[in-house]
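**Student:** Contents are mmCIF, C-alpha atoms; file name protein29.cif:
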```cif
data_data
loop_
_atom_site.label_atom_id
_atom_site.label_comp_id
_atom_site.auth_asym_id
_atom_site.auth_seq_id
_atom_site.Cartn_x
_atom_site.Cartn_y
_atom_site.Cartn_z
CA MET A 1 83.66 56.16 107.42
CA ARG A 2 82.05 55.67 110.80
CA ARG A 3 82.48 57.74 113.94
CA ARG A 4 85.87 56.18 114.73
CA SER A 5 87.23 56.21 111.19
CA LEU A 6 88.95 59.59 111.50
CA LEU A 7 90.98 58.22 114.37
CA LEU A 8 94.49 57.02 113.72
CA ALA A 9 94.84 55.50 117.16
CA ALA A 10 92.33 54.05 119.58
CA VAL A 11 91.12 56.25 122.41
CA PRO A 12 92.62 54.97 125.70
CA ALA A 13 90.60 52.12 127.14
CA GLY A 14 88.35 53.24 129.95
CA LEU A 15 84.94 53.14 131.52
CA VAL A 16 83.14 56.04 129.84
CA THR A 17 80.59 53.78 128.16
CA LEU A 18 77.47 51.84 128.90
CA ALA A 19 78.29 48.83 131.13
CA GLY A 20 81.50 50.54 132.21
CA CYS A 21 83.90 49.00 129.73
CA GLY A 22 85.39 49.82 126.36
CA ASP A 23 85.10 53.02 124.34
CA ASP A 24 83.36 53.98 121.10
CA GLY A 25 85.77 56.80 120.34
CA SER A 26 83.29 59.59 120.97
CA ASP A 27 84.74 60.52 124.34
CA SER A 28 87.91 62.53 124.40
CA SER A 29 88.63 61.90 128.07
CA SER A 30 88.54 58.29 129.15
CA ALA A 31 89.43 56.88 132.50
CA ALA A 32 92.55 54.79 132.74
CA ASP A 33 92.09 51.09 133.48
CA GLY A 34 90.98 50.62 137.06
CA ASN A 35 89.22 53.97 137.25
CA ALA A 36 85.51 54.67 136.91
CA SER A 37 84.05 57.66 135.13
CA PRO A 38 80.34 58.45 135.34
CA SER A 39 79.01 56.09 132.69
CA ALA A 40 75.99 53.92 133.35
CA SER A 41 76.57 50.54 134.92
CA ASP A 42 73.59 48.87 133.30
CA GLY A 43 70.44 49.66 131.37
CA SER A 44 68.06 49.44 134.33
CA ALA A 45 66.07 52.55 135.24
CA ALA A 46 65.59 53.70 138.82
CA PRO A 47 62.78 56.04 139.85
CA ALA A 48 63.70 59.70 139.89
CA PRO A 49 65.44 60.75 143.11
CA LYS A 50 64.46 63.56 145.42
CA ILE A 51 67.01 66.35 145.05
CA VAL A 52 68.29 67.46 148.46
CA ASP A 53 70.92 70.06 149.37
CA GLY A 54 73.09 67.87 151.57
CA PRO A 55 74.95 66.65 153.36
CA LEU A 56 77.99 67.22 151.16
CA PRO A 57 81.67 67.24 152.14
CA ALA A 58 83.64 70.47 151.87
CA VAL A 59 85.97 71.33 149.03
CA THR A 60 89.13 72.21 150.95
CA ALA A 61 91.50 73.21 148.10
CA GLY A 62 91.29 73.89 144.38
CA THR A 63 88.13 75.90 144.94
CA LYS A 64 88.16 77.86 141.68
CA PHE A 65 86.31 76.75 138.55
CA GLY A 66 88.56 74.54 136.44
CA GLU A 67 90.99 73.78 139.27
CA LYS A 68 91.43 70.21 140.47
CA PRO A 69 89.52 70.13 143.76
CA THR A 70 90.47 68.47 147.01
CA VAL A 71 87.36 67.18 148.79
CA ALA A 72 87.04 66.19 152.43
CA ARG A 73 85.94 62.70 153.37
CA GLY A 74 82.22 62.38 154.00
CA SER A 75 81.17 62.89 157.61
CA GLY A 76 78.41 60.77 159.09
CA ALA A 77 75.82 59.02 156.97
CA PRO A 78 75.10 60.34 153.46
CA SER A 79 71.57 60.98 152.26
CA ASP A 80 69.74 58.14 150.59
CA GLN A 81 68.57 60.69 148.00
CA LEU A 82 70.58 62.75 145.49
CA ALA A 83 72.41 65.64 147.14
CA VAL A 84 73.24 68.50 144.77
CA LYS A 85 74.83 71.87 145.44
CA THR A 86 76.01 74.57 143.05
CA LEU A 87 79.34 75.72 144.44
CA ILE A 88 79.96 78.27 141.68
CA ALA A 89 77.05 79.59 139.62
CA GLY A 90 77.86 79.99 135.93
CA GLY A 91 76.13 82.30 133.49
CA GLY A 92 76.31 80.23 130.33
CA GLN A 93 73.89 78.04 128.43
CA THR A 94 71.54 75.84 130.47
CA VAL A 95 72.24 72.11 130.31
CA ALA A 96 69.28 70.06 129.09
CA GLU A 97 68.74 66.33 129.32
CA LYS A 98 70.14 64.55 126.24
CA ASP A 99 72.69 67.33 125.74
CA TYR A 100 76.33 66.40 125.32
CA ILE A 101 78.30 67.96 128.14
CA TRP A 102 81.99 68.91 128.18
CA ALA A 103 83.07 68.79 131.79
CA HIS A 104 85.99 68.35 134.13
CA TYR A 105 85.22 66.24 137.18
CA LEU A 106 86.61 64.44 140.21
CA GLY A 107 84.94 61.48 141.87
CA GLN A 108 85.62 59.94 145.27
CA ILE A 109 84.01 57.54 147.72
CA TRP A 110 82.05 59.10 150.58
CA ASP A 111 83.20 56.79 153.37
CA THR A 112 86.92 56.70 152.58
CA GLY A 113 87.57 59.87 150.62
CA LYS A 114 89.39 57.73 148.03
CA VAL A 115 89.54 59.43 144.63
CA PHE A 116 88.64 56.84 142.02
CA ASP A 117 88.77 59.06 138.93
CA ASN A 118 89.35 62.60 137.74
CA SER A 119 89.72 64.33 134.39
CA TYR A 120 91.93 67.17 135.62
CA ASP A 121 95.07 65.03 135.60
CA ARG A 122 94.32 64.00 132.01
CA LYS A 123 93.95 67.71 131.13
CA THR A 124 90.96 66.89 128.95
CA PRO A 125 87.28 67.33 129.88
CA LEU A 126 84.86 64.45 129.57
CA PHE A 127 82.47 64.57 126.61
CA ILE A 128 79.36 62.50 127.29
CA GLN A 129 75.62 62.60 126.73
CA LEU A 130 73.18 63.16 129.59
CA ALA A 131 70.92 60.36 128.41
CA PRO A 132 69.40 57.30 130.08
CA GLY A 133 71.62 54.25 129.79
CA GLY A 134 74.74 56.19 128.85
CA ILE A 135 75.62 57.95 132.10
CA ILE A 136 74.82 57.36 135.75
CA ASP A 137 71.45 58.79 136.72
CA GLY A 138 73.00 60.89 139.48
CA TRP A 139 74.67 63.02 136.82
CA ARG A 140 71.63 63.03 134.57
CA TYR A 141 69.30 64.29 137.30
CA GLY A 142 71.85 66.43 139.10
CA LEU A 143 73.31 68.38 136.18
CA ALA A 144 70.25 69.01 133.99
CA GLY A 145 69.17 72.61 134.47
CA LYS A 146 72.60 73.83 135.57
CA LYS A 147 74.42 76.49 133.56
CA VAL A 148 77.75 76.29 131.78
CA GLY A 149 80.44 77.85 133.94
CA SER A 150 79.01 76.26 137.08
CA ARG A 151 80.81 74.02 139.55
CA VAL A 152 78.40 71.45 140.96
CA GLU A 153 78.93 68.98 143.80
CA LEU A 154 76.89 65.79 143.97
CA ALA A 155 76.58 62.92 146.45
CA VAL A 156 75.21 59.97 144.51
CA PRO A 157 73.79 56.93 146.33
CA PRO A 158 74.20 53.51 144.66
CA THR A 159 70.63 53.60 143.32
CA TRP A 160 71.58 56.46 140.98
CA GLY A 161 75.23 55.48 140.69
CA TYR A 162 76.68 52.07 139.84
CA GLY A 163 73.96 50.07 141.57
CA LYS A 164 74.38 47.00 143.75
CA GLU A 165 77.21 45.72 141.58
CA GLY A 166 79.39 48.79 142.07
CA GLN A 167 82.60 49.03 140.04
CA PRO A 168 84.97 46.50 141.66
CA GLN A 169 87.87 47.34 139.33
CA ALA A 170 87.78 50.90 140.67
CA GLY A 171 87.30 49.86 144.29
CA ILE A 172 83.65 50.95 144.35
CA LYS A 173 81.32 48.69 146.34
CA GLY A 174 77.62 48.32 145.71
CA THR A 175 76.93 50.17 148.95
CA ASP A 176 79.16 53.17 148.26
CA THR A 177 77.81 56.69 147.93
CA LEU A 178 79.96 58.63 145.47
CA VAL A 179 80.91 62.29 145.67
CA PHE A 180 81.56 64.23 142.46
CA VAL A 181 82.70 67.77 141.79
CA VAL A 182 81.85 68.75 138.21
CA ASP A 183 82.98 71.85 136.30
CA LEU A 184 80.60 72.38 133.38
CA GLN A 185 82.73 73.66 130.49
CA GLY A 186 80.14 73.42 127.73
CA THR A 187 76.91 71.83 126.58
CA PHE A 188 75.99 70.86 123.01
CA ASN A 189 73.32 69.17 120.94
CA GLY A 190 72.62 68.22 117.35
CA LYS A 191 71.93 71.86 116.43
CA SER A 192 75.14 73.28 117.85
CA SER A 193 76.93 75.34 115.24
CA ALA A 194 79.73 77.78 114.52
CA LYS A 195 79.23 81.38 115.63
CA GLY A 196 81.16 84.26 114.13
CA LYS A 197 81.60 86.44 111.08
CA GLU A 198 81.38 85.10 107.56
CA VAL A 199 84.63 85.14 105.60
CA PRO A 200 84.57 85.67 101.81
CA GLN A 201 85.16 82.51 99.78
CA ASP A 202 86.58 84.09 96.64
CA ASP A 203 88.87 81.37 95.30
CA ALA A 204 86.96 79.57 92.53
CA ALA A 205 89.50 76.73 92.64
CA LEU A 206 88.42 75.77 96.16
CA PRO A 207 85.21 74.30 97.58
CA LYS A 208 82.53 76.71 98.73
CA VAL A 209 80.82 75.82 102.00
CA GLY A 210 77.44 77.03 103.24
CA THR A 211 77.31 79.54 106.08
CA ASN A 212 74.04 78.50 107.74
CA THR A 213 74.21 78.28 111.53
CA ASP A 214 70.90 76.53 112.19
CA GLY A 215 72.48 73.18 112.98
CA LYS A 216 71.70 71.73 109.58
CA SER A 217 74.42 70.24 107.41
CA PRO A 218 76.08 73.01 105.38
CA SER A 219 76.14 72.76 101.61
CA MET A 220 79.44 72.01 99.93
CA ASP A 221 80.16 72.83 96.27
CA ILE A 222 83.27 71.18 94.86
CA PRO A 223 84.92 72.70 91.76
CA LYS A 224 85.02 70.54 88.64
CA ALA A 225 88.78 70.74 88.53
CA ALA A 226 91.84 69.00 89.90
CA PRO A 227 92.22 69.31 93.69
CA PRO A 228 95.09 71.22 95.26
CA LYS A 229 98.12 69.11 96.05
CA LYS A 230 98.77 70.82 99.38
CA LEU A 231 96.63 71.16 102.50
CA VAL A 232 94.05 73.94 102.51
CA ALA A 233 92.43 75.10 105.76
CA ASN A 234 90.41 78.30 105.47
CA TYR A 235 87.82 80.05 107.58
CA VAL A 236 84.24 79.96 106.33
CA ILE A 237 83.00 81.52 109.55
CA GLU A 238 85.59 83.01 111.91
CA GLY A 239 84.79 82.68 115.60
CA ASP A 240 86.25 84.71 118.43
CA GLY A 241 87.17 81.91 120.84
CA PRO A 242 90.60 80.70 121.93
CA VAL A 243 93.08 79.33 119.40
CA VAL A 244 93.21 75.54 119.06
CA ALA A 245 96.54 74.03 120.10
CA ALA A 246 98.21 71.18 118.24
CA ASP A 247 97.64 68.78 121.13
CA ALA A 248 94.10 69.95 121.92
CA SER A 249 90.98 67.89 122.22
CA VAL A 250 88.05 69.37 120.35
CA VAL A 251 84.27 69.18 120.15
CA VAL A 252 83.08 69.49 116.56
CA GLN A 253 80.29 69.19 114.04
CA TYR A 254 81.59 68.06 110.67
CA LYS A 255 80.92 66.47 107.31
CA GLY A 256 83.31 64.95 104.81
CA VAL A 257 83.07 64.40 101.06
CA VAL A 258 85.37 63.00 98.39
CA TRP A 259 86.66 65.70 96.03
CA ASP A 260 86.37 63.65 92.83
CA THR A 261 82.79 62.46 93.36
CA GLY A 262 81.31 64.89 95.88
CA LYS A 263 80.06 61.82 97.75
CA GLU A 264 79.53 62.33 101.47
CA PHE A 265 81.21 59.57 103.46
CA ASP A 266 80.75 60.80 107.02
CA SER A 267 78.79 63.43 108.92
CA SER A 268 77.99 64.23 112.52
CA TYR A 269 74.85 65.94 111.25
CA THR A 270 73.31 62.65 110.15
CA ARG A 271 73.76 61.38 113.72
CA SER A 272 72.36 64.64 115.18
CA ALA A 273 75.28 64.57 117.59
CA PRO A 274 78.55 66.49 117.81
CA THR A 275 81.65 64.46 118.51
CA SER A 276 84.94 64.90 120.33
CA PHE A 277 88.49 63.65 119.94
CA SER A 278 92.12 64.61 120.33
CA LEU A 279 93.94 66.20 117.42
CA GLN A 280 96.69 63.69 118.12
CA GLN A 281 94.33 60.88 117.10
CA VAL A 282 93.15 62.10 113.71
CA VAL A 283 94.53 62.19 110.19
CA LYS A 284 97.32 64.73 109.75
CA GLY A 285 95.18 66.94 107.54
CA TRP A 286 92.75 67.46 110.41
CA SER A 287 95.35 68.08 113.07
CA GLN A 288 97.32 70.51 110.89
CA GLY A 289 94.20 72.15 109.50
CA LEU A 290 92.55 72.87 112.85
CA THR A 291 95.69 73.88 114.76
CA GLY A 292 95.73 77.66 115.14
CA LYS A 293 92.07 78.11 114.27
CA LYS A 294 89.66 79.78 116.69
CA VAL A 295 86.90 78.08 118.66
CA GLY A 296 83.53 79.05 117.26
CA SER A 297 84.74 78.86 113.67
CA ARG A 298 83.69 76.87 110.62
CA VAL A 299 86.69 75.73 108.64
CA VAL A 300 86.90 74.11 105.21
CA ILE A 301 89.77 71.63 105.05
CA VAL A 302 91.02 70.09 101.80
CA VAL A 303 93.10 67.06 102.73
CA PRO A 304 95.47 65.65 100.07
CA PRO A 305 96.11 61.90 100.13
CA ASP A 306 99.48 62.16 101.86
CA LEU A 307 97.82 63.90 104.82
CA GLY A 308 94.73 61.68 104.74
CA TYR A 309 94.40 57.97 104.10
CA GLY A 310 96.72 57.66 101.10
CA ASP A 311 96.54 54.15 99.66
CA ASN A 312 94.93 52.66 102.79
CA PRO A 313 91.46 54.14 103.32
CA PRO A 314 89.14 52.60 105.95
CA SER A 315 87.37 49.50 104.73
CA GLY A 316 83.76 50.17 103.78
CA SER A 317 84.20 53.93 103.95
CA GLY A 318 83.50 54.61 100.29
CA ILE A 319 86.83 56.42 100.05
CA GLU A 320 89.04 55.22 97.19
CA LYS A 321 92.81 55.00 97.39
CA ASP A 322 94.66 58.29 96.99
CA SER A 323 91.49 60.34 97.40
CA THR A 324 91.48 64.02 98.28
CA MET A 325 88.93 64.66 101.01
CA VAL A 326 87.04 67.85 101.81
CA PHE A 327 85.69 68.61 105.26
CA SER A 328 83.52 71.29 106.77
CA VAL A 329 84.33 71.49 110.48
CA ASP A 330 82.60 73.60 113.13
CA ILE A 331 84.89 73.96 116.16
CA LEU A 332 82.53 74.09 119.14
CA ALA A 333 85.07 73.74 121.97
CA ALA A 334 88.71 72.93 122.62
CA SER A 335 90.85 72.19 125.64
#
```
Could you write out this structure as structure tokens?

**Tutor:**
Amino acid sequence: MRRRSLLLAAVPAGLVTLAGCGDDGSDSSSAADGNASPSASDGSAAPAPKIVDGPLPAVTAGTKFGEKPTVARGSGAPSDQLAVKTLIAGGGQTVAEKDYIWAHYLGQIWDTGKVFDNSYDRKTPLFIQLAPGGIIDGWRYGLAGKKVGSRVELAVPPTWGYGKEGQPQAGIKGTDTLVFVVDLQGTFNGKSSAKGKEVPQDDAALPKVGTNTDGKSPSMDIPKAAPPKKLVANYVIEGDGPVVAADASVVVQYKGVVWDTGKEFDSSYTRSAPTSFSLQQVVKGWSQGLTGKKVGSRVVIVVPPDLGYGDNPPSGSGIEKDSTMVFSVDILAAS
């Protein structure tokens, strides 16, 4: 099973990918067709910009963190360098380059004030890596070093935006400076893990999952017995974050094995990258098993065939028909 194989339905087509088209399923918040989210337009590298503090247009409404902002149209000529201002200073973890950020954002064109994309209306933050070639350099340079909980405004010239080609389908010309307001909800990397209190695993008829929180793949011991016929979803580590709703999007670390063989068929740990998706896009065992659980937790989920893939497992996944699957899932964030 590859990164997309848990998904029952394709993530909406959008521009949150390299080259600004398509979607690999790792982003839980994709722009609708005709919009442009802050993915890289090509693989070319520009020299690092000078970070300046303006000019930047005012946020005239929606000024609180997490609120959809209204931003004034740019006045006069924008800087030819990267303008960055922290509007609200957060106190959370510092964002590092190559981290995966979880962020709400709004983007508009400096000259016209036209909003070309925002995640607030979709009610799901963007999950994307701050890495060369995967996101516009204006975000990569402007957000690294900021803290979770911060609201950051950026004015991104074409050199560190979509380049001379722009994004015509979103109405962005190759000469347009772009203004973004970004609310940093979270930042994650390959070592991100559950945080909470260990919960006893006393039922010998159920798998026992490791409780390490060092970012390494947890161990998973499967009983040499018949699997349960109904869904099991138990805490291994209980976090203290908000409860996950049935229609939430989540950021997770996970691994999956087949009950009968103990064979691992998928793992975010082998990719050294957490992943994100909507609970409305995954197998029923995942959506039912994670609903009601707390952010920060590690959960063991035993998925019977009728809530998994049944007699139609993904081709090449190594999962046989009517297999019971076992997952360890660390819930890192939810919206």

**Student:** Quick one: apply the PyMOL selection byres ((chain A and resi 223-230) around 9) to the file and drop the selected residues here as a PDB file with C-alpha atoms, in the coordinates of the input.

**Tutor:**
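Result went into result-v9.pdb, see below:
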```
ATOM      1  CA  ALA A 204      86.960  79.570  92.530  1.00  0.00           C
ATOM      2  CA  ALA A 205      89.500  76.730  92.640  1.00  0.00           C
ATOM      3  CA  LEU A 206      88.420  75.770  96.160  1.00  0.00           C
ATOM      4  CA  PRO A 207      85.210  74.300  97.580  1.00  0.00           C
ATOM      5  CA  LYS A 208      82.530  76.710  98.730  1.00  0.00           C
ATOM      6  CA  ASP A 221      80.160  72.830  96.270  1.00  0.00           C
ATOM      7  CA  ILE A 222      83.270  71.180  94.860  1.00  0.00           C
ATOM      8  CA  LEU A 231      96.630  71.160 102.500  1.00  0.00           C
ATOM      9  CA  VAL A 232      94.050  73.940 102.510  1.00  0.00           C
ATOM     10  CA  TRP A 259      86.660  65.700  96.030  1.00  0.00           C
ATOM     11  CA  ASP A 260      86.370  63.650  92.830  1.00  0.00           C
ATOM     12  CA  VAL A 302      91.020  70.090 101.800  1.00  0.00           C
ATOM     13  CA  VAL A 303      93.100  67.060 102.730  1.00  0.00           C
ATOM     14  CA  PRO A 304      95.470  65.650 100.070  1.00  0.00           C
ATOM     15  CA  PRO A 305      96.110  61.900 100.130  1.00  0.00           C
ATOM     16  CA  LEU A 307      97.820  63.900 104.820  1.00  0.00           C
ATOM     17  CA  THR A 324      91.480  64.020  98.280  1.00  0.00           C
TER      18      THR A 324
END
```

**Student:** Measuring between only C-alpha atoms, which one of A:Ser39, A:Ser219, A:Ser75, A:Lys50 shows the shortest distance to Ala131 (chain A)?

**Tutor:** A:Ser39

**Student:** Expressed in Å to a single decimal, how great is the separation between CA of Thr211 (chain A) and CA of Lys98 (chain A)?

**Tutor:**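 Distance between the two atoms: 26.1 Å.
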
**Student:** With the PyMOL selection byres ((chain A and resi 83) around 8) as the selection, what would be picked from this file? Answer as a list in words, please.

**Tutor:**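 Evaluating the PyMOL selection byres ((chain A and resi 83) around 8) on these coordinates yields Ile51, Val52, Asp53, Gly54, Pro55, Leu56, Ser79, Gln81, Leu82, Val84, Lys85, Leu154, Ala155 and Val156 of chain A.
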
**Student:** Would you work out the distance separating CA of Lys147 (chain A) from CA of Tyr254 (chain A), expressed in Å to one decimal?

**Tutor:**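 The value is 25.4 Å.
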
**Student:** Quick one, how far is CA of Gly190 (chain A) from CA of Tyr269 (chain A)?

**Tutor:**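 Going from CA of Gly190 (chain A) over to CA of Tyr269 (chain A) covers 6.9 Å.
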
**Student:** Nearest residue to Gln129 (chain A) out of A:Pro313, A:Gly186, A:Gly256, A:Pro218, using only C-alpha atoms?

**Tutor:**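 Of A:Pro313, A:Gly186, A:Gly256, A:Pro218, the one nearest Gln129 (chain A), counting only C-alpha atoms, is A:Gly186.
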
**Student:** Run the PyMOL selection byres ((chain A and resi 323) around 7) on the file and write out the hits as a PyMOL selection string.

**Tutor:** chain A and resi 258+305+310+319-322+324-325

**Student:** Name all residues at most 10 Å from region 105-113 of chain A (count all atoms listed in the file; drop same-chain ones fewer than 5 positions away) and give them as number ranges by chain.

**Tutor:** A: 35-38, 56-57, 66-78, 118-121, 125-126, 151-157, 171-173, 176-184

**Student:** Per residue of region 88-132 of chain A within 10 Å of region 160-170 of chain A, record the nearest atom pair and its distance in Å to one decimal, counting only C-alpha atoms, with rows in chain order and ascending residue number, as CSV.

**Tutor:**
```
residue,atom,partner,partner_atom,distance
A:Val115,CA,A:Ala170,CA,9.6
A:Phe116,CA,A:Ala170,CA,6.2
A:Asp117,CA,A:Ala170,CA,8.4
```

**Student:** Kindly compute an axis-aligned box around the listed atoms of region 201-213 of chain A, allowing 5 Å on each side, and express its centre and edge lengths in Å to one decimal as lines of an AutoDock Vina configuration file.

**Tutor:**
```
center_x = 81.8
center_y = 79.2
center_z = 102.0
size_x = 25.5
size_y = 19.8
size_z = 29.0
```

**Student:** Could you name the residues that touch Asp330 (chain A) at 8 Å or less, counting all atoms listed in the file, but leaving out those on the same chain fewer than 6 positions away, as an NGL selection string?

**Tutor:** :A and (193-194 or 252-254 or 296-299)

**Student:** Which residue out of A:Gly174, A:Phe265, A:Tyr235, A:Ser315 has the minimum interatomic distance to Ile301 (chain A) when all atoms listed in the file are used?

**Tutor:** A:Tyr235

**Student:** What lies within 10 Å of Thr124 (chain A) using only C-alpha atoms, ignoring chain neighbours under 4 positions off, as number ranges by chain?

**Tutor:** A: 28-30, 102-104, 118-120, 248-250, 277-278, 334-335

**Student:** Could you write out the selected residues, including C-alpha atoms, as a CSV table (one decimal), in the coordinates of the input?

**Tutor:**
```
chain,number,residue,atom,x,y,z
A,28,SER,CA,87.9,62.5,124.4
A,29,SER,CA,88.6,61.9,128.1
A,30,SER,CA,88.5,58.3,129.2
A,102,TRP,CA,82.0,68.9,128.2
A,103,ALA,CA,83.1,68.8,131.8
A,104,HIS,CA,86.0,68.4,134.1
A,118,ASN,CA,89.4,62.6,137.7
A,119,SER,CA,89.7,64.3,134.4
A,120,TYR,CA,91.9,67.2,135.6
A,248,ALA,CA,94.1,70.0,121.9
A,249,SER,CA,91.0,67.9,122.2
A,250,VAL,CA,88.0,69.4,120.4
A,277,PHE,CA,88.5,63.6,119.9
A,278,SER,CA,92.1,64.6,120.3
A,334,ALA,CA,88.7,72.9,122.6
A,335,SER,CA,90.8,72.2,125.6
```

**Student:** Restricting the calculation to only C-alpha atoms, which member of A:Leu290, A:Val236, A:Ala273, A:Met220 is positioned closest to Lys195 (chain A)?

**Tutor:**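 Ranking A:Leu290, A:Val236, A:Ala273, A:Met220 by distance to Lys195 (chain A), first place goes to A:Val236.
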
**Student:** Counting all atoms listed in the file, which of A:Thr175, A:Ser328, A:Thr63, A:Thr94 gets nearest to Val257 (chain A)?

**Tutor:**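 The closest residue to Val257 (chain A) is A:Ser328.
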
**Student:** Under the rule that all atoms listed in the file are counted, which of A:Gln288, A:Gln185, A:Ser317, A:Thr275 is the nearest residue to Ile331 (chain A)?

**Tutor:** A:Thr275
